[in-house]
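S.K.: This is coords.csv (CSV, C-alpha atoms).
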chain,number,residue,atom,x,y,z
A,1059,MET,CA,-37.4,30.8,-11.8
A,1060,LYS,CA,-36.5,27.5,-13.6
A,1061,LYS,CA,-32.9,28.6,-13.8
A,1062,PHE,CA,-32.9,29.4,-10.1
A,1063,PHE,CA,-34.1,25.9,-9.2
A,1064,VAL,CA,-31.4,24.3,-11.5
A,1065,LEU,CA,-28.7,26.4,-9.8
A,1066,LEU,CA,-30.1,25.5,-6.3
A,1067,SER,CA,-30.1,21.8,-7.2
A,1068,LEU,CA,-26.5,22.0,-8.4
A,1069,PHE,CA,-25.6,23.8,-5.2
A,1070,ILE,CA,-27.2,21.1,-3.0
A,1071,LEU,CA,-25.5,18.3,-4.9
A,1072,THR,CA,-22.1,20.0,-4.7
A,1073,SER,CA,-22.6,20.6,-1.0
A,1074,LEU,CA,-23.6,17.0,-0.4
A,1075,SER,CA,-20.5,15.8,-2.3
A,1076,ALA,CA,-18.3,18.1,-0.2
A,1077,LEU,CA,-19.8,16.7,3.0
A,1078,SER,CA,-19.0,13.1,1.8
A,1079,LYS,CA,-15.4,12.6,2.8
A,1080,ASP,CA,-14.2,9.8,0.6
A,1081,MET,CA,-10.8,8.8,-0.6
A,1082,GLN,CA,-9.6,6.4,-3.3
A,1083,PHE,CA,-6.2,4.9,-4.0
A,1084,VAL,CA,-4.8,1.9,-5.9
A,1085,GLN,CA,-2.8,-1.0,-4.6
A,1086,ILE,CA,-0.4,-2.8,-7.0
A,1087,SER,CA,1.4,-5.9,-5.6
A,1088,ASP,CA,4.0,-8.5,-6.7
A,1089,LEU,CA,4.7,-6.8,-10.0
A,1090,ARG,CA,8.2,-8.3,-10.2
A,1091,TYR,CA,9.2,-5.8,-12.8
A,1092,SER,CA,11.9,-6.5,-15.4
A,1093,GLN,CA,12.6,-5.2,-18.9
A,1094,ASN,CA,11.0,-8.5,-20.2
A,1095,ASN,CA,7.6,-7.7,-18.6
A,1096,SER,CA,7.7,-3.9,-18.7
A,1097,ASP,CA,4.5,-3.9,-20.7
A,1098,VAL,CA,2.5,-5.1,-17.7
A,1099,LEU,CA,3.5,-2.1,-15.7
A,1100,ARG,CA,2.8,0.3,-18.6
A,1101,LYS,CA,-0.7,-1.1,-19.1
A,1102,ILE,CA,-1.5,-0.7,-15.4
A,1103,ILE,CA,-0.1,2.8,-15.4
A,1104,ASN,CA,-2.3,3.6,-18.4
A,1105,ASP,CA,-5.3,2.2,-16.5
A,1106,VAL,CA,-4.6,4.1,-13.3
A,1107,ASN,CA,-4.0,7.4,-15.1
A,1108,LYS,CA,-7.5,7.2,-16.4
A,1109,LEU,CA,-9.1,6.9,-12.9
A,1110,PRO,CA,-10.3,10.4,-12.1
A,1111,ASP,CA,-10.9,9.8,-8.3
A,1112,THR,CA,-7.7,7.9,-7.6
A,1113,GLU,CA,-5.3,10.1,-5.6
A,1114,PHE,CA,-2.3,7.9,-5.1
A,1115,VAL,CA,-0.8,4.4,-5.6
A,1116,ILE,CA,0.9,2.0,-3.2
A,1117,PHE,CA,3.2,-0.8,-4.5
A,1118,THR,CA,3.1,-3.5,-1.8
A,1119,GLY,CA,6.3,-5.3,-2.4
A,1120,ASP,CA,8.1,-7.7,-4.8
A,1121,ASN,CA,8.2,-4.7,-7.1
A,1122,ILE,CA,11.2,-5.9,-9.1
A,1123,SER,CA,12.0,-9.4,-10.4
A,1124,GLU,CA,15.5,-9.6,-8.9
A,1125,ALA,CA,17.3,-7.5,-6.3
A,1126,LYS,CA,19.6,-5.6,-8.6
A,1127,PRO,CA,20.1,-1.8,-8.6
A,1128,GLU,CA,19.8,-1.5,-12.3
A,1129,ILE,CA,16.4,-3.2,-12.3
A,1130,LEU,CA,15.2,-0.9,-9.5
A,1131,THR,CA,16.4,2.1,-11.4
A,1132,ASP,CA,14.6,1.0,-14.6
A,1133,PHE,CA,11.4,0.4,-12.5
A,1134,ILE,CA,11.5,4.0,-11.1
A,1135,LYS,CA,12.0,5.4,-14.6
A,1136,GLU,CA,8.9,3.6,-15.8
A,1137,LEU,CA,7.0,5.2,-12.9
A,1138,LYS,CA,7.6,8.7,-14.4
A,1139,ALA,CA,4.6,8.0,-16.6
A,1140,LEU,CA,2.4,7.6,-13.6
A,1141,LYS,CA,0.4,10.8,-13.0
A,1142,LYS,CA,-0.5,9.9,-9.4
A,1143,GLN,CA,1.7,10.1,-6.4
A,1144,TYR,CA,3.0,6.7,-5.3
A,1145,TYR,CA,4.6,5.0,-2.3
A,1146,ILE,CA,6.7,1.8,-2.2
A,1147,VAL,CA,6.8,-1.1,0.2
A,1148,ILE,CA,9.7,-3.6,0.2
A,1149,GLY,CA,9.1,-7.4,-0.4
A,1150,GLU,CA,11.5,-10.3,-0.3
A,1151,LYS,CA,12.3,-10.1,-4.0
A,1152,ASP,CA,13.3,-6.5,-3.7
A,1153,VAL,CA,16.4,-6.7,-1.5
A,1154,ASN,CA,19.5,-8.9,-1.2
A,1155,ALA,CA,22.6,-7.5,0.4
A,1156,ARG,CA,24.8,-10.1,-1.4
A,1157,LYS,CA,23.6,-8.6,-4.8
A,1158,ASP,CA,24.5,-5.0,-3.9
A,1159,LEU,CA,20.9,-4.1,-3.0
A,1160,SER,CA,20.5,-4.0,0.7
A,1161,LYS,CA,17.6,-2.2,2.3
A,1162,LYS,CA,19.8,0.8,2.9
A,1163,GLN,CA,20.9,0.8,-0.8
A,1164,TYR,CA,17.3,0.3,-2.0
A,1165,VAL,CA,16.0,3.2,0.0
A,1166,SER,CA,19.0,5.3,-1.1
A,1167,ILE,CA,18.0,4.8,-4.7
A,1168,LEU,CA,14.4,5.6,-4.0
A,1169,HIS,CA,15.5,8.8,-2.2
A,1170,LYS,CA,17.6,9.9,-5.1
A,1171,LYS,CA,15.3,9.0,-8.0
A,1172,ILE,CA,11.8,9.8,-6.7
A,1173,ARG,CA,10.8,13.4,-6.8
A,1174,ARG,CA,7.4,13.2,-5.2
A,1175,TYR,CA,8.5,11.9,-1.8
A,1176,LYS,CA,11.9,11.2,-0.2
A,1177,PRO,CA,11.9,8.0,1.9
A,1178,THR,CA,14.8,7.6,4.3
A,1179,THR,CA,13.9,4.3,5.8
A,1180,PRO,CA,11.8,1.2,4.7
A,1181,ASN,CA,9.3,2.0,7.5
A,1182,TYR,CA,7.6,5.4,7.2
A,1183,VAL,CA,4.2,7.1,7.6
A,1184,PHE,CA,2.2,9.6,5.6
A,1185,ILE,CA,-1.1,11.3,6.1
A,1186,LYS,CA,-3.8,11.7,3.5
A,1187,HIS,CA,-7.0,13.6,4.3
A,1188,ASP,CA,-6.4,13.0,8.0
A,1189,VAL,CA,-6.0,9.2,7.5
A,1190,LEU,CA,-2.7,7.8,8.8
A,1191,PHE,CA,-0.9,5.3,6.5
A,1192,ILE,CA,1.8,3.2,8.0
A,1193,ILE,CA,4.3,1.5,5.7
A,1194,ALA,CA,5.7,-1.5,7.5
A,1195,ASP,CA,8.7,-3.5,6.4
A,1196,GLY,CA,8.9,-7.3,7.1
A,1197,SER,CA,11.5,-8.3,4.6
A,1198,LYS,CA,15.1,-9.6,5.2
A,1199,ASP,CA,18.0,-8.5,3.1
A,1200,VAL,CA,20.8,-10.6,4.6
A,1201,ILE,CA,19.3,-14.0,4.0
A,1202,PRO,CA,16.1,-13.3,2.0
A,1203,ASP,CA,13.2,-15.8,2.0
A,1204,SER,CA,9.5,-15.8,1.7
A,1205,LEU,CA,8.8,-15.7,5.4
A,1206,GLY,CA,7.7,-12.3,6.8
A,1207,PHE,CA,9.5,-11.0,9.9
A,1208,TYR,CA,8.5,-7.8,11.6
A,1209,LYS,CA,11.2,-7.1,14.2
A,1210,ASP,CA,10.4,-6.0,17.7
A,1211,GLY,CA,11.7,-2.6,16.8
A,1212,VAL,CA,9.3,-2.3,13.9
A,1213,LEU,CA,6.4,-3.4,16.1
A,1214,GLU,CA,7.4,-0.8,18.7
A,1215,TRP,CA,7.6,1.9,16.0
A,1216,ILE,CA,4.1,0.9,14.7
A,1217,ASP,CA,2.7,0.9,18.2
A,1218,ALA,CA,4.2,4.3,19.0
A,1219,ASN,CA,2.8,5.9,15.8
A,1220,LEU,CA,-0.7,4.5,16.4
A,1221,GLU,CA,-0.6,6.0,19.8
A,1222,VAL,CA,0.7,9.4,18.6
A,1223,TYR,CA,-1.9,9.5,15.9
A,1224,SER,CA,-4.7,8.0,18.0
A,1225,ASP,CA,-7.1,10.7,16.8
A,1226,LYS,CA,-6.8,9.5,13.2
A,1227,ASN,CA,-8.1,6.4,11.4
A,1228,ALA,CA,-5.1,4.3,10.5
A,1229,ILE,CA,-4.3,1.9,7.6
A,1230,ILE,CA,-1.2,-0.4,7.7
A,1231,VAL,CA,0.3,-1.3,4.3
A,1232,GLN,CA,2.9,-4.1,4.1
A,1233,HIS,CA,4.0,-7.0,1.9
A,1234,PHE,CA,3.5,-9.9,4.2
A,1235,PRO,CA,-0.1,-10.5,5.6
A,1236,LEU,CA,-0.9,-11.0,9.3
A,1237,VAL,CA,-3.9,-13.1,8.6
A,1238,ALA,CA,-3.0,-15.6,5.9
A,1239,PRO,CA,-5.5,-16.0,3.0
A,1240,TYR,CA,-4.7,-19.7,3.1
A,1241,GLU,CA,-2.2,-22.0,4.9
A,1242,LYS,CA,1.3,-22.1,3.4
A,1243,GLU,CA,4.1,-22.8,5.8
A,1244,THR,CA,6.8,-21.3,3.6
A,1245,TYR,CA,4.8,-18.0,3.2
A,1246,ARG,CA,3.7,-17.4,6.8
A,1247,THR,CA,4.6,-14.3,8.9
A,1248,TYR,CA,6.8,-15.1,11.8
A,1249,LYS,CA,5.1,-14.3,15.2
A,1250,ALA,CA,2.1,-12.8,13.5
A,1251,ASP,CA,0.1,-13.3,16.7
A,1252,LYS,CA,2.4,-10.9,18.6
A,1253,TYR,CA,1.8,-8.2,15.9
A,1254,LEU,CA,-2.0,-8.8,16.0
A,1255,ASP,CA,-2.1,-8.6,19.8
A,1256,MET,CA,-0.4,-5.2,19.7
A,1257,LEU,CA,-3.0,-4.0,17.2
A,1258,LYS,CA,-5.8,-4.9,19.6
A,1259,ASN,CA,-4.6,-2.0,21.8
A,1260,HIS,CA,-5.5,0.5,19.2
A,1261,LYS,CA,-9.1,1.2,18.1
A,1262,ASN,CA,-8.0,3.5,15.3
A,1263,ILE,CA,-6.5,0.8,13.1
A,1264,LYS,CA,-9.0,0.0,10.3
A,1265,ALA,CA,-7.2,-2.2,7.8
A,1266,VAL,CA,-4.0,-4.1,7.0
A,1267,ILE,CA,-3.3,-4.2,3.3
A,1268,SER,CA,-0.8,-6.7,1.8
A,1269,GLY,CA,0.1,-9.0,-1.0
A,1270,HIS,CA,2.6,-11.9,-1.2
A,1271,TYR,CA,0.3,-14.9,-1.4
A,1272,GLY,CA,-0.9,-14.5,-5.0
A,1273,VAL,CA,-4.6,-14.4,-4.3
A,1274,ASN,CA,-7.4,-11.9,-3.6
A,1275,LYS,CA,-9.0,-12.1,-0.3
A,1276,GLU,CA,-10.6,-10.0,2.4
A,1277,GLN,CA,-11.0,-11.1,6.0
A,1278,THR,CA,-12.1,-9.3,9.2
A,1279,GLN,CA,-10.5,-10.2,12.5
A,1280,ASP,CA,-11.0,-8.2,15.7
A,1281,GLU,CA,-12.8,-5.5,13.7
A,1282,ILE,CA,-9.8,-5.0,11.4
A,1283,LEU,CA,-10.1,-5.6,7.7
A,1284,HIS,CA,-7.2,-7.7,6.3
A,1285,ILE,CA,-6.9,-7.3,2.5
A,1286,THR,CA,-4.6,-9.5,0.4
A,1287,THR,CA,-4.2,-8.7,-3.2
A,1288,ALA,CA,-3.1,-10.9,-6.1
A,1289,PRO,CA,-0.1,-10.1,-8.4
A,1290,ALA,CA,-0.1,-7.7,-11.3
A,1291,PRO,CA,-1.5,-7.5,-13.9
A,1292,GLN,CA,-4.3,-7.4,-11.4
A,1293,TYR,CA,-4.6,-4.3,-9.1
A,1294,ARG,CA,-7.0,-3.2,-6.4
A,1295,ILE,CA,-9.0,0.0,-6.3
A,1296,ILE,CA,-9.7,0.9,-2.6
A,1297,ASP,CA,-12.2,3.5,-1.4
A,1298,ILE,CA,-12.4,4.8,2.1
A,1299,LEU,CA,-15.8,6.2,2.6
A,1300,ASN,CA,-16.5,8.9,5.2
A,1301,TYR,CA,-12.9,8.7,6.4
A,1302,GLU,CA,-13.4,11.4,9.0
A,1303,THR,CA,-15.8,9.3,11.0
A,1304,LYS,CA,-14.8,6.7,13.6
A,1305,ASN,CA,-16.2,3.9,11.5
A,1306,PRO,CA,-15.4,4.5,7.9
A,1307,GLU,CA,-16.4,2.0,5.3
A,1308,ILE,CA,-13.7,0.4,3.1
A,1309,TRP,CA,-14.7,-0.9,-0.3
A,1310,SER,CA,-12.5,-2.3,-3.0
A,1311,VAL,CA,-12.6,-3.9,-6.4
A,1312,VAL,CA,-10.0,-5.9,-8.2
A,1313,LYS,CA,-9.3,-5.0,-11.8
A,1314,GLU,CA,-6.9,-6.5,-14.4
A,1315,SER,CA,-5.0,-4.5,-17.1
A,1316,LYS,CA,-5.2,-6.0,-20.6
Starting from the file, lay out its structure as structure tokens.
M.R.:
Amino acid sequence: MKKFFVLLSLFILTSLSALSKDMQFVQISDLRYSQNNSDVLRKIINDVNKLPDTEFVIFTGDNISEAKPEILTDFIKELKALKKQYYIVIGEKDVNARKDLSKKQYVSILHKKIRRYKPTTPNYVFIKHDVLFIIADGSKDVIPDSLGFYKDGVLEWIDANLEVYSDKNAIIVQHFPLVAPYEKETYRTYKADKYLDMLKNHKNIKAVISGHYGVNKEQTQDEILHITTAPAPQYRIIDILNYETKNPEIWSVVKESK
């Protein structure tokens, strides 16, 4: 009889766990990888590989120290040690057409070198457990600078995807924030209000996750959570709790590899 109740308790706990639709991923931002600081990435990878519930990783821009093909190639080689699937966002440090690393060339290298997914454009979507993730590019490769600029075509593309997948909760991931963690004119996002106004038309957008500013901050505006994450060696563990409901909870904690 005692064994029966133990088995029953285990069954109930397992059932409750199955009913709880939670998802965890890691955000790494502003790594600015080079061979001189490769140990920073290796330590973060070691940390993340030990996280049993983390399903994937998103690098939110300024992934390499300088826009050079060989640095990007070395960065991707280091990522072979990462046991989780990963996705990449472009930042202003990542591309420079004058240094033979335009956006087209950047994505081409990713497409050739990465086995786990094959990006063909800086803007793309993927779905995890019925949650839509939109990777949005606001960088400039002709005359790179620290101002974010989401072109009208990008906003129209985001708008269209949010409409097509209106039945799914959506998370936007990008390098440049829409709601700045503090005022800095040279870091602002050009016409952010236009972007934010577009998002008001969609009730399924739950969060915008970014980096760029060098600080950790969470702000809510128009019922959308805006997360800004500080540079590596810090990284953010993000949990989406009850992701199948219309009002999932999003919790996160910032860690630092040592």
S.K.: Can you pull out every residue within 8 Å of Gly1196 in chain A, counting all atoms listed in the file, but drop anything in the same chain fewer than 4 positions away, and send it as a PyMOL selection string?
M.R.: chain A and resi 1148-1149+1206-1209+1232-1234
S.K.: Please report the interatomic distance between CA of Phe1117 in chain A and CA of Gln1085 in chain A in Å with one decimal.
M.R.: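 Value for the CA of Phe1117 in chain A-CA of Gln1085 in chain A distance: 6.0 Å.
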S.K.: Any idea what the distance is between CA of Ala1125 in chain A and CA of Lys1151 in chain A?
M.R.: 6.1 Å
S.K.: What's the 9 Å shell around Ala1139 in chain A, counting only C-alpha atoms, without same-chain residues fewer than 4 positions away, as a list in words?
M.R.: Arg1100, Ile1103, Asn1104, Asn1107 and Lys1135 of chain A
S.K.: Could those residues be written to a file, using C-alpha atoms, as a PDB file, in the frame of the given file?
M.R.:
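The resulting selection-v9.pdb:
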ATOM      1  CA  ARG A1100       2.800   0.300 -18.600  1.00  0.00           C
ATOM      2  CA  ILE A1103      -0.100   2.800 -15.400  1.00  0.00           C
ATOM      3  CA  ASN A1104      -2.300   3.600 -18.400  1.00  0.00           C
ATOM      4  CA  ASN A1107      -4.000   7.400 -15.100  1.00  0.00           C
ATOM      5  CA  LYS A1135      12.000   5.400 -14.600  1.00  0.00           C
TER       6      LYS A1135
END
S.K.: Could you pull the residues within 7 Å of range 1112-1114 of chain A, counting all atoms listed in the file, minus those fewer than 6 positions along the same chain, as a PDB file with C-alpha atoms, keeping the file's coordinate frame?
M.R.:
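result36.pdb, freshly written:
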ATOM      1  CA  GLN A1082      -9.600   6.400  -3.300  1.00  0.00           C
ATOM      2  CA  PHE A1083      -6.200   4.900  -4.000  1.00  0.00           C
ATOM      3  CA  VAL A1084      -4.800   1.900  -5.900  1.00  0.00           C
ATOM      4  CA  LYS A1142      -0.500   9.900  -9.400  1.00  0.00           C
ATOM      5  CA  GLN A1143       1.700  10.100  -6.400  1.00  0.00           C
ATOM      6  CA  TYR A1144       3.000   6.700  -5.300  1.00  0.00           C
TER       7      TYR A1144
END
S.K.: Report the distance between CA of Ser1123 in chain A and CA of His1270 in chain A in Å, rounded to one decimal place.
M.R.: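 Separating CA of Ser1123 in chain A from CA of His1270 in chain A is a distance of 13.4 Å.
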S.K.: Considering all atoms listed in the file, state which residue in the set A:Asn1227, A:Asn1154, A:Ser1160, A:Asn1095 is at the smallest distance from Ile1185 in chain A.
M.R.: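 Of A:Asn1227, A:Asn1154, A:Ser1160, A:Asn1095, the one nearest Ile1185 in chain A is A:Asn1227, counting all atoms listed in the file.
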S.K.: Just checking: using only C-alpha atoms, which residue out of A:Leu1099, A:Val1183, A:Leu1299, A:Ile1086 ends up closest to Ala1218 in chain A?
M.R.: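 Residue with the minimum atom-to-atom distance to Ala1218 in chain A: A:Val1183.
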S.K.: Need the neighbours of (19.1, 5.5, -0.3): which residues are at most 12 Å away, counting only C-alpha atoms, as a PyMOL selection string?
M.R.: chain A and resi 1127+1130-1131+1159-1172+1176-1180
S.K.: With distances taken over all atoms listed in the file, which residue among A:Glu1276, A:Asp1188, A:Asp1195, A:Glu1214 lies nearest Glu1150 in chain A?
M.R.: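 Closest candidate: A:Asp1195.
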S.K.: Do you have, as CSV, the list of residues of range 1291-1310 of chain A lying at most 10 Å from range 1247-1267 of chain A, each with its nearest atom pair and that distance in Å to one decimal, counting all atoms listed in the file and ordered by chain then number?
M.R.:
residue,atom,partner,partner_atom,distance
A:Lys1304,CA,A:Asn1262,CA,7.7
A:Asn1305,CA,A:Lys1264,CA,8.3
A:Pro1306,CA,A:Lys1264,CA,8.2
A:Glu1307,CA,A:Lys1264,CA,9.2
A:Ile1308,CA,A:Ala1265,CA,8.4
S.K.: Which one is closest to Tyr1301 in chain A: A:Val1189, A:Leu1220, A:Ile1285, A:Val1106? Count all atoms listed in the file.
M.R.: A:Val1189
S.K.: I'd like to know which of A:His1187, A:Val1231, A:Asp1132, A:Tyr1182 is closest to Asn1300 in chain A, using all atoms listed in the file.
M.R.: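 The closest residue to Asn1300 in chain A is A:His1187.
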S.K.: Would you please work out which residue, of A:Val1153, A:Ile1229, A:Ile1122, A:Ala1238, is nearest to Asp1199 in chain A when using all atoms listed in the file?
M.R.: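 Looking at the shortest contact to Asp1199 in chain A, the residue is A:Val1153.
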S.K.: Please identify all polymer residues within 9 Å of Thr1244 in chain A, counting all atoms listed in the file, omitting same-chain residues fewer than 4 positions from it, and present them as a PyMOL selection string.
M.R.: chain A and resi 1203-1205
S.K.: Name all residues at most 12 Å from Asp1097 in chain A (count only C-alpha atoms; drop same-chain ones fewer than 6 positions away) and give them as a list in words.
M.R.: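 Final neighbour list, sorted by chain and number: Leu1089, Arg1090, Tyr1091, Ile1103, Asn1104, Phe1133, Glu1136, Ala1290, Pro1291, Ser1315 and Lys1316 of chain A.
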